[in-house]
file my_file05.tsv (TSV, C-alpha atoms and all ligand atoms)
chain	number	residue	atom	x	y	z
A	4	MET	CA	261.41	68.95	49.10
A	5	LYS	CA	262.11	65.41	50.34
A	6	CYS	CA	261.07	63.87	53.68
A	7	SER	CA	263.93	63.92	56.23
A	8	VAL	CA	263.27	60.22	56.93
A	9	CYS	CA	262.24	58.56	53.65
A	10	GLU	CA	262.38	59.12	49.90
A	11	ASN	CA	258.84	60.45	49.62
A	12	PRO	CA	258.03	64.11	48.99
A	13	ALA	CA	257.70	66.16	52.20
A	14	THR	CA	254.47	68.08	52.73
A	15	ILE	CA	255.14	69.47	56.22
A	16	LYS	CA	258.11	71.50	57.32
A	17	ILE	CA	258.97	71.92	61.02
A	18	GLU	CA	261.36	74.83	61.18
A	19	ARG	CA	262.37	74.46	64.82
A	20	HIS	CA	263.47	70.84	64.31
A	21	ARG	CA	265.00	71.69	60.91
A	22	ALA	CA	262.96	68.80	59.54
A	23	LYS	CA	260.58	68.09	56.66
A	24	PHE	CA	258.20	65.19	56.70
A	25	CYS	CA	255.84	63.22	54.51
A	26	GLU	CA	252.48	62.67	56.23
A	27	TYR	CA	253.42	59.24	57.56
A	28	HIS	CA	256.65	60.44	59.17
A	29	PHE	CA	255.04	63.63	60.43
A	30	ILE	CA	252.57	61.53	62.42
A	31	GLU	CA	255.41	59.34	63.67
A	32	HIS	CA	257.31	62.48	64.74
A	33	ILE	CA	254.27	63.82	66.63
A	34	HIS	CA	253.80	60.51	68.46
A	35	ARG	CA	257.48	60.51	69.40
A	36	GLN	CA	257.27	64.03	70.86
A	37	VAL	CA	254.23	63.11	72.94
A	38	GLU	CA	255.75	59.82	74.14
A	39	ARG	CA	258.87	61.70	75.22
A	40	VAL	CA	256.83	64.05	77.42
A	41	ILE	CA	254.69	61.25	78.89
A	42	ARG	CA	257.80	59.28	79.90
A	43	HIS	CA	259.96	62.17	81.03
A	44	PHE	CA	257.30	63.52	83.38
A	45	LYS	CA	256.01	60.03	84.32
A	46	MET	CA	252.50	61.10	83.33
A	47	PHE	CA	250.80	57.72	82.86
A	48	ALA	CA	251.28	54.13	81.74
A	49	ARG	CA	249.60	51.96	79.08
A	50	GLU	CA	247.27	50.34	81.61
A	51	ASP	CA	246.11	53.65	83.14
A	52	LYS	CA	242.65	55.00	82.45
A	53	ILE	CA	243.14	58.52	81.09
A	54	GLY	CA	240.45	61.19	80.84
A	55	LEU	CA	241.18	63.83	78.21
A	56	ALA	CA	239.20	67.07	78.47
A	57	VAL	CA	238.00	67.75	74.92
A	58	SER	CA	236.67	71.17	73.98
A	59	GLY	CA	236.15	70.60	70.24
A	60	GLY	CA	239.18	72.78	69.39
A	61	LYS	CA	242.18	71.57	67.38
A	62	ASP	CA	244.42	70.71	70.35
A	63	SER	CA	242.16	68.43	72.32
A	64	MET	CA	240.59	66.85	69.20
A	65	SER	CA	244.02	66.01	67.74
A	66	GLY	CA	245.30	64.98	71.17
A	67	TRP	CA	242.41	62.54	71.57
A	68	LYS	CA	243.32	60.64	68.40
A	69	ILE	CA	247.06	60.87	69.11
A	70	LEU	CA	246.73	59.22	72.54
A	71	ARG	CA	244.38	56.49	71.30
A	72	ASP	CA	246.53	55.75	68.23
A	73	MET	CA	249.58	55.53	70.49
A	74	GLY	CA	247.80	52.73	72.35
A	75	TYR	CA	246.63	54.57	75.47
A	76	LYS	CA	243.24	53.98	77.12
A	77	VAL	CA	241.64	57.36	76.77
A	78	VAL	CA	238.11	58.63	77.31
A	79	GLY	CA	237.15	62.10	76.07
A	80	ILE	CA	235.28	64.30	78.54
A	81	HIS	CA	233.30	67.21	77.19
A	82	ILE	CA	231.46	69.78	79.29
A	83	ASN	CA	228.66	71.77	77.73
A	84	MET	CA	228.84	75.11	79.56
A	85	GLY	CA	225.57	76.33	77.99
A	86	PHE	CA	226.97	79.23	75.94
A	87	GLY	CA	224.30	78.98	73.20
A	88	GLU	CA	225.35	78.21	69.63
A	89	TYR	CA	229.05	78.07	70.58
A	90	SER	CA	228.51	75.24	73.10
A	91	GLU	CA	225.99	73.38	70.91
A	92	ARG	CA	228.36	73.37	67.94
A	93	SER	CA	231.34	72.30	70.08
A	94	ALA	CA	229.39	69.38	71.58
A	95	GLU	CA	228.17	68.31	68.14
A	96	ILE	CA	231.71	68.28	66.69
A	97	VAL	CA	233.05	66.30	69.63
A	98	GLN	CA	230.19	63.79	69.37
A	99	ASN	CA	230.53	63.32	65.60
A	100	PHE	CA	234.26	62.76	65.94
A	101	SER	CA	233.84	60.16	68.68
A	102	VAL	CA	231.44	58.21	66.43
A	103	LYS	CA	233.63	58.56	63.32
A	104	GLU	CA	236.82	57.46	65.10
A	105	ASN	CA	235.16	55.09	67.57
A	106	LEU	CA	236.55	57.06	70.51
A	107	GLU	CA	235.03	56.74	73.98
A	108	LEU	CA	233.24	59.92	75.08
A	109	SER	CA	231.49	61.18	78.22
A	110	LEU	CA	229.37	64.30	77.72
A	111	TYR	CA	228.09	66.50	80.55
A	112	LYS	CA	226.07	69.65	81.02
A	113	ILE	CA	227.18	72.05	83.75
A	114	GLU	CA	223.74	72.10	85.43
A	115	ASP	CA	223.52	68.30	85.50
A	116	VAL	CA	226.84	68.02	87.34
A	117	LEU	CA	226.69	71.07	89.64
A	118	GLY	CA	222.94	71.66	89.98
A	119	PHE	CA	223.17	75.27	88.75
A	120	ASP	CA	223.90	76.85	85.37
A	121	PHE	CA	226.56	79.38	84.37
A	122	ALA	CA	224.23	82.41	84.47
A	123	THR	CA	223.29	81.55	88.07
A	124	ALA	CA	226.95	81.20	89.01
A	125	MET	CA	227.65	84.60	87.41
A	126	ASN	CA	224.85	86.16	89.44
A	127	VAL	CA	226.10	84.93	92.79
A	128	THR	CA	229.84	85.54	92.34
A	129	ARG	CA	231.75	88.59	91.26
A	130	LYS	CA	234.31	86.72	89.18
A	131	PRO	CA	235.05	87.65	85.55
A	132	PRO	CA	233.38	85.12	83.21
A	133	CYS	CA	236.59	83.49	81.88
A	134	SER	CA	238.01	82.92	85.31
A	135	LEU	CA	234.68	81.62	86.65
A	136	CYS	CA	234.29	79.29	83.65
A	137	GLY	CA	237.85	77.99	84.16
A	138	SER	CA	237.28	77.34	87.88
A	139	LEU	CA	233.96	75.57	87.27
A	140	LYS	CA	235.38	73.43	84.45
A	141	ARG	CA	238.33	72.37	86.63
A	142	TYR	CA	235.93	71.43	89.42
A	143	ILE	CA	233.61	69.47	87.10
A	144	LEU	CA	236.52	67.63	85.42
A	145	ASN	CA	237.91	66.61	88.78
A	146	GLN	CA	234.51	65.37	89.95
A	147	ILE	CA	233.99	63.38	86.73
A	148	ALA	CA	237.49	61.91	87.01
A	149	ASN	CA	236.60	60.68	90.50
A	150	ASP	CA	233.17	59.39	89.41
A	151	LEU	CA	234.70	57.46	86.50
A	152	SER	CA	237.64	56.25	88.65
A	153	LEU	CA	240.16	57.68	86.21
A	154	ASP	CA	243.86	57.47	87.02
A	155	VAL	CA	244.71	60.79	85.45
A	156	LEU	CA	243.14	63.81	83.80
A	157	ALA	CA	244.80	65.33	80.71
A	158	THR	CA	244.19	68.63	78.91
A	159	GLY	CA	245.05	69.79	75.40
A	160	HIS	CA	247.39	72.67	76.40
A	161	ASN	CA	250.30	72.93	73.97
A	162	LEU	CA	253.70	74.66	73.88
A	163	ASP	CA	252.23	77.94	72.59
A	164	ASP	CA	249.64	78.00	75.39
A	165	GLU	CA	252.15	77.18	78.10
A	166	SER	CA	254.87	79.55	76.92
A	167	ALA	CA	252.34	82.40	76.54
A	168	PHE	CA	251.07	81.69	80.05
A	169	LEU	CA	254.65	81.61	81.33
A	170	LEU	CA	255.48	84.92	79.66
A	171	GLY	CA	252.48	86.57	81.35
A	172	ASN	CA	253.46	85.11	84.71
A	173	VAL	CA	257.05	86.31	84.36
A	174	LEU	CA	256.13	89.80	83.15
A	175	TYR	CA	253.96	90.35	86.21
A	176	TRP	CA	256.00	88.06	88.49
A	177	LYS	CA	253.01	86.01	89.50
A	178	GLU	CA	254.97	83.78	91.80
A	179	GLY	CA	251.97	81.75	92.93
A	180	TYR	CA	251.22	80.75	89.32
A	181	LEU	CA	254.89	80.21	88.50
A	182	ARG	CA	255.10	77.79	91.37
A	183	ARG	CA	252.18	75.78	90.06
A	184	GLN	CA	252.99	75.93	86.33
A	185	TYR	CA	254.17	72.41	85.68
A	186	PRO	CA	252.90	69.78	83.19
A	187	VAL	CA	252.18	67.31	86.00
A	188	LEU	CA	250.26	68.02	89.19
A	189	GLN	CA	250.32	65.07	91.56
A	190	PRO	CA	247.07	63.77	93.14
A	191	GLU	CA	246.21	65.09	96.59
A	192	GLY	CA	243.20	63.98	98.61
A	193	ASN	CA	240.17	64.22	96.32
A	194	MET	CA	242.21	65.99	93.63
A	195	VAL	CA	243.08	63.73	90.72
A	196	LYS	CA	246.49	63.76	88.99
A	197	LYS	CA	246.58	66.32	86.14
A	198	VAL	CA	248.84	66.26	83.08
A	199	LYS	CA	249.57	68.17	79.87
A	200	PRO	CA	251.02	65.62	77.42
A	201	PHE	CA	251.13	67.97	74.40
A	202	VAL	CA	253.55	70.60	75.71
A	203	ARG	CA	256.16	69.73	73.06
A	204	LEU	CA	253.72	70.48	70.23
A	205	THR	CA	252.82	73.91	68.87
A	206	ASP	CA	249.57	75.40	67.54
A	207	ASP	CA	250.92	74.70	64.03
A	208	ASP	CA	251.74	71.07	64.85
A	209	MET	CA	248.21	70.52	66.17
A	210	ARG	CA	246.62	72.24	63.17
A	211	ASN	CA	248.78	70.22	60.74
A	212	TYR	CA	248.01	67.00	62.59
A	213	ALA	CA	244.28	67.72	62.39
A	214	HIS	CA	244.68	68.48	58.70
A	215	VAL	CA	246.58	65.32	57.73
A	216	SER	CA	244.29	63.15	59.86
A	217	GLY	CA	241.08	64.67	58.48
A	218	ILE	CA	239.93	65.90	61.90
A	219	GLU	CA	237.13	68.43	61.88
A	220	PHE	CA	237.51	70.85	64.78
A	221	TYR	CA	235.73	73.96	65.97
A	222	SER	CA	237.52	77.29	65.72
A	223	GLY	CA	234.64	79.48	66.92
A	224	LYS	CA	235.43	81.96	69.69
A	225	CYS	CA	233.71	81.68	73.02
A	226	PRO	CA	231.10	84.48	73.32
A	227	ASN	CA	232.31	85.22	76.88
A	228	ALA	CA	235.99	85.51	76.03
A	229	ARG	CA	237.18	89.06	76.33
A	230	ASP	CA	240.73	88.40	77.35
A	231	VAL	CA	243.07	89.00	74.40
A	232	THR	CA	246.34	88.95	76.36
A	233	THR	CA	247.08	85.32	75.47
A	234	TYR	CA	246.94	86.19	71.77
A	235	VAL	CA	249.27	89.14	72.30
A	236	TYR	CA	251.79	86.95	74.15
A	237	LYS	CA	251.55	84.26	71.47
A	238	ASP	CA	252.27	86.84	68.76
A	239	VAL	CA	255.28	88.18	70.67
A	240	LEU	CA	256.67	84.68	71.11
A	241	ASN	CA	256.10	83.81	67.45
A	242	ASP	CA	257.99	86.99	66.46
A	243	LEU	CA	260.85	85.91	68.71
A	244	GLU	CA	260.74	82.40	67.27
A	245	HIS	CA	261.14	83.92	63.82
A	246	ASN	CA	264.47	85.38	64.87
A	247	PHE	CA	265.67	82.81	67.37
A	248	ASN	CA	265.09	79.23	66.37
A	249	ASP	CA	263.18	77.11	68.90
A	250	ILE	CA	263.11	79.90	71.49
A	251	LYS	CA	259.68	78.83	72.79
A	252	THR	CA	260.99	75.37	73.68
A	253	HIS	CA	264.06	76.93	75.36
A	254	PHE	CA	261.92	79.36	77.29
A	255	TYR	CA	259.36	76.86	78.56
A	256	PHE	CA	261.55	73.80	79.14
A	257	GLY	CA	264.33	76.02	80.55
A	258	PHE	CA	261.80	77.32	83.07
A	259	LEU	CA	260.75	73.77	83.99
A	260	LYS	CA	264.39	72.87	84.56
A	261	HIS	CA	264.77	75.83	86.92
A	262	SER	CA	261.32	75.65	88.48
A	263	HIS	CA	262.81	74.64	91.86
A	264	LEU	CA	263.99	78.28	92.13
A	265	PHE	CA	260.38	79.35	92.39
A	266	LYS	CA	259.65	76.97	95.24
A	267	GLU	CA	261.50	79.27	97.70
A	268	PRO	CA	259.43	81.14	100.28
A	269	SER	CA	258.59	84.59	98.99
A	270	LEU	CA	256.77	87.81	99.72
A	271	ASP	CA	254.07	87.03	97.19
A	272	VAL	CA	250.74	87.53	98.97
A	273	SER	CA	249.03	84.78	97.00
A	274	ILE	CA	251.00	82.09	98.81
A	275	HIS	CA	250.18	83.46	102.24
A	276	LYS	CA	246.60	82.55	101.49
A	277	SER	CA	246.66	79.03	102.78
A	278	VAL	CA	245.47	76.23	100.55
A	279	HIS	CA	243.08	73.94	102.35
A	280	TYR	CA	240.33	71.43	101.65
A	281	CYS	CA	236.67	72.39	101.36
A	282	PRO	CA	234.78	71.11	104.46
A	283	VAL	CA	231.83	70.05	102.25
A	284	CYS	CA	233.27	68.39	99.15
A	285	GLY	CA	236.89	67.93	100.20
A	286	TYR	CA	238.35	69.61	97.09
A	287	LYS	CA	241.37	71.85	97.37
A	288	THR	CA	240.58	75.56	97.55
A	289	LEU	CA	242.15	78.96	98.21
A	290	ASN	CA	238.80	80.31	99.46
A	291	GLU	CA	238.37	80.68	103.17
A	292	GLY	CA	235.85	78.07	104.35
A	293	LYS	CA	233.87	76.42	101.57
A	294	CYS	CA	235.16	76.18	97.99
A	295	LEU	CA	233.71	78.30	95.17
A	296	VAL	CA	231.28	75.62	93.96
A	297	CYS	CA	229.99	74.75	97.42
A	298	SER	CA	229.52	78.48	98.21
A	299	ILE	CA	227.49	78.93	95.01
A	300	LYS	CA	225.38	75.86	95.86
A	301	GLU	CA	224.73	77.27	99.34
A	302	LYS	CA	223.72	80.67	97.96
A	303	VAL	CA	221.44	79.10	95.34
A	304	SER	CA	219.63	76.91	97.87
A	305	SER	CA	219.21	79.79	100.37
A	306	ASP	CA	217.80	82.02	97.56
A	307	LEU	CA	215.41	79.21	96.66
A	308	SER	CA	214.13	78.82	100.21
A	309	HIS	CA	213.67	82.62	100.56
A	310	ASN	CA	211.58	82.68	97.41
A	311	GLN	CA	209.27	79.89	98.55
B	401	LIG	P1	241.14	76.67	76.49
B	401	LIG	O1	241.33	77.28	77.83
B	401	LIG	O2	239.78	76.90	75.89
B	401	LIG	O3	242.28	76.92	75.55
B	401	LIG	O4	241.17	75.08	76.75
B	401	LIG	C1	242.28	74.45	77.27
B	401	LIG	C2	241.97	72.98	77.47
B	401	LIG	O5	240.91	72.83	78.41
B	401	LIG	C3	241.48	72.27	76.20
B	401	LIG	O6	242.55	71.82	75.42
B	401	LIG	C4	240.69	71.14	76.79
B	401	LIG	O7	241.56	70.09	77.20
B	401	LIG	C5	240.06	71.76	78.03
B	401	LIG	N1	238.69	72.29	77.77
B	401	LIG	C6	238.33	73.56	77.45
B	401	LIG	N2	237.00	73.67	77.32
B	401	LIG	C7	236.47	72.45	77.58
B	401	LIG	C8	235.13	71.91	77.62
B	401	LIG	N3	234.05	72.66	77.38
B	401	LIG	N4	234.99	70.60	77.92
B	401	LIG	C9	236.06	69.83	78.19
B	401	LIG	N5	237.32	70.28	78.18
B	401	LIG	C10	237.53	71.57	77.87
B	402	ZN	ZN	233.47	72.32	98.01
call {"tool": "encode", "arguments": {"input": "my_file05.tsv", "output": "structure tokens", "more": "lines below"}}
Ligand code: AMP
Ligand code: ZN
result
Amino acid sequence: MKCSVCENPATIKIERHRAKFCEYHFIEHIHRQVERVIRHFKMFAREDKIGLAVSGGKDSMSGWKILRDMGYKVVGIHINMGFGEYSERSAEIVQNFSVKENLELSLYKIEDVLGFDFATAMNVTRKPPCSLCGSLKRYILNQIANDLSLDVLATGHNLDDESAFLLGNVLYWKEGYLRRQYPVLQPEGNMVKKVKPFVRLTDDDMRNYAHVSGIEFYSGKCPNARDVTTYVYKDVLNDLEHNFNDIKTHFYFGFLKHSHLFKEPSLDVSIHKSVHYCPVCGYKTLNEGKCLVCSIKEKVSSDLSHNQ
């Protein structure tokens, strides 16, 4: 098997592009895919200060090196959510990698940023753990992006993540989510610009990239994660991909091309809940009155004063 670009033996085959690459040209191909997304969606420029949320998993770890090697100014942001061994190991892997590759890193603990820990937040809200964790992480990342005066905040979501998410949203016609599912969310008030530069790369691409670049990543499962639907959707899409070449790209990018159709007014109740800005911190929220984080803070401080 010969590389599609040069005379060297190919070690990586990318079925959907009908291409085979040696390691050098595989990396070049990955950079080209990412550059294409960054430019097409006007995500950021060379001089921008980019924060990349790094979890320790293959996508964000590979993405971190990809962006830096492409010449972008990127700082990794890791949040330790305090989930025991899982969080300790993730933080350690992220830290070791930043030292090894000389990558800039900012590390935070949930309680140091918000003033309460995850268990406390669980006690005062009735949200399922994954959804609560997601909301708190989004809030923390936004706050850090503001504190560090970043131009844009990026996450490691890839094509498999986004197409699985899209499938779920279509199956249940979650119009509110469909309306917001886009790889760029523009800044608004205190909300920083958010981007997903790796939406042209798959789980396999990210794993292969980590492998050829010698990146150690963490594949442990979060102890709180109970939601298996994403894995089911990913399996379904991979089965489809087996029969219909590049169907995931068609599905996701086809949706983006038609996303204006979902901007129409609809009967979906979720959009009748008006989005507004929290009167305390100024962040965007669907909650009535204060945002989730400010409500938790209020509850925690009133519990404290009752116990004194
Ligand atoms: P997940 O929902 O775990 O698949 O993560 C999706 C993306 O969110 C990752 O690619 C990261 O960019 C970001 N992320 C997840 N967990 C963390 C964390 N603890 N700290 C920083 N970023 C995270
Ligand atoms: Zn708030």
call {"tool": "residues_near_ligand", "arguments": {"input": "my_file05.tsv", "ligand": "ligand LIG 401 (chain B)", "cutoff": "8 Å", "atoms": "only C-alpha atoms and all ligand atoms", "output": "list in words"}}
result
Leu55, Ala56, Val57, Ser58, Gly59, Gly60, Asp62, Ser63, Ile80, His81, Ile82, Asn83, Met84, Ser90, Ser93, Gly137, Lys140, Leu144, Ala157, Thr158, Gly159, His160, Asn161 and Asp164 of chain A
call {"tool": "residues_near_ligand", "arguments": {"input": "my_file05.tsv", "ligand": "ligand ZN 402 (chain B)", "cutoff": "9 Å", "atoms": "all atoms listed in the file", "output": "PyMOL selection string"}}
result
chain A and resi 142+280-288+292-298
call {"tool": "write_last_selection", "arguments": {"input": "my_file05.tsv", "atoms": "C-alpha atoms", "output": "PDB file, keeping the file's coordinate frame"}}
result
ATOM      1  CA  TYR A 142     235.930  71.430  89.420  1.00  0.00           C
ATOM      2  CA  TYR A 280     240.330  71.430 101.650  1.00  0.00           C
ATOM      3  CA  CYS A 281     236.670  72.390 101.360  1.00  0.00           C
ATOM      4  CA  PRO A 282     234.780  71.110 104.460  1.00  0.00           C
ATOM      5  CA  VAL A 283     231.830  70.050 102.250  1.00  0.00           C
ATOM      6  CA  CYS A 284     233.270  68.390  99.150  1.00  0.00           C
ATOM      7  CA  GLY A 285     236.890  67.930 100.200  1.00  0.00           C
ATOM      8  CA  TYR A 286     238.350  69.610  97.090  1.00  0.00           C
ATOM      9  CA  LYS A 287     241.370  71.850  97.370  1.00  0.00           C
ATOM     10  CA  THR A 288     240.580  75.560  97.550  1.00  0.00           C
ATOM     11  CA  GLY A 292     235.850  78.070 104.350  1.00  0.00           C
ATOM     12  CA  LYS A 293     233.870  76.420 101.570  1.00  0.00           C
ATOM     13  CA  CYS A 294     235.160  76.180  97.990  1.00  0.00           C
ATOM     14  CA  LEU A 295     233.710  78.300  95.170  1.00  0.00           C
ATOM     15  CA  VAL A 296     231.280  75.620  93.960  1.00  0.00           C
ATOM     16  CA  CYS A 297     229.990  74.750  97.420  1.00  0.00           C
ATOM     17  CA  SER A 298     229.520  78.480  98.210  1.00  0.00           C
TER      18      SER A 298
END
call {"tool": "closest_residue", "arguments": {"input": "my_file05.tsv", "among": "A:Ile96, A:Tyr75, A:Thr205, A:Val303", "to": "A:Asn241", "atoms": "only C-alpha atoms"}}
result
A:Thr205
call {"tool": "closest_residue", "arguments": {"input": "my_file05.tsv", "among": "A:Ser166, A:Gln189, A:Ser101, A:Asn149", "to": "A:Val239", "atoms": "only C-alpha atoms"}}
result
A:Ser166
call {"tool": "closest_residue", "arguments": {"input": "my_file05.tsv", "among": "A:Glu26, A:Ile299, A:Gly179, A:Tyr89", "to": "A:Leu139", "atoms": "only C-alpha atoms"}}
result
A:Ile299
call {"tool": "residues_around", "arguments": {"input": "my_file05.tsv", "residues": "A:Leu170", "least_positions_apart": "3", "cutoff": "12 Å", "atoms": "all atoms listed in the file", "output": "PyMOL selection string"}}
result
chain A and resi 162-167+173-177+180-181+184+232-240+251+254-255+258
call {"tool": "closest_atom_pairs", "arguments": {"input": "my_file05.tsv", "of": "stretch 190-266 of chain A", "to": "stretch 40-53 of chain A", "cutoff": "9 Å", "atoms": "only C-alpha atoms", "output": "Markdown table"}}
result
| residue | atom | partner | partner_atom | distance |
| --- | --- | --- | --- | --- |
| A:Lys196 | CA | A:Met46 | CA | 8.7 |
| A:Lys197 | CA | A:Met46 | CA | 8.4 |
| A:Val198 | CA | A:Met46 | CA | 6.3 |
| A:Lys199 | CA | A:Met46 | CA | 8.4 |
| A:Pro200 | CA | A:Ile41 | CA | 5.9 |
| A:Phe201 | CA | A:Val40 | CA | 7.5 |
| A:Val202 | CA | A:Val40 | CA | 7.5 |
| A:Arg203 | CA | A:Val40 | CA | 7.2 |
call {"tool": "residues_around", "arguments": {"input": "my_file05.tsv", "residues": "A:Tyr27", "least_positions_apart": "2", "cutoff": "10 Å", "atoms": "only C-alpha atoms", "output": "tab-separated table (two decimals) with C-alpha atoms, in the coordinates of the input"}}
result
chain	number	residue	atom	x	y	z
A	6	CYS	CA	261.07	63.87	53.68
A	8	VAL	CA	263.27	60.22	56.93
A	9	CYS	CA	262.24	58.56	53.65
A	11	ASN	CA	258.84	60.45	49.62
A	13	ALA	CA	257.70	66.16	52.20
A	24	PHE	CA	258.20	65.19	56.70
A	25	CYS	CA	255.84	63.22	54.51
A	29	PHE	CA	255.04	63.63	60.43
A	30	ILE	CA	252.57	61.53	62.42
A	31	GLU	CA	255.41	59.34	63.67
A	32	HIS	CA	257.31	62.48	64.74
A	215	VAL	CA	246.58	65.32	57.73
call {"tool": "closest_residue", "arguments": {"input": "my_file05.tsv", "among": "A:Ala148, A:Cys133, A:Leu204, A:Asn172", "to": "A:Val37", "atoms": "only C-alpha atoms"}}
result
A:Leu204
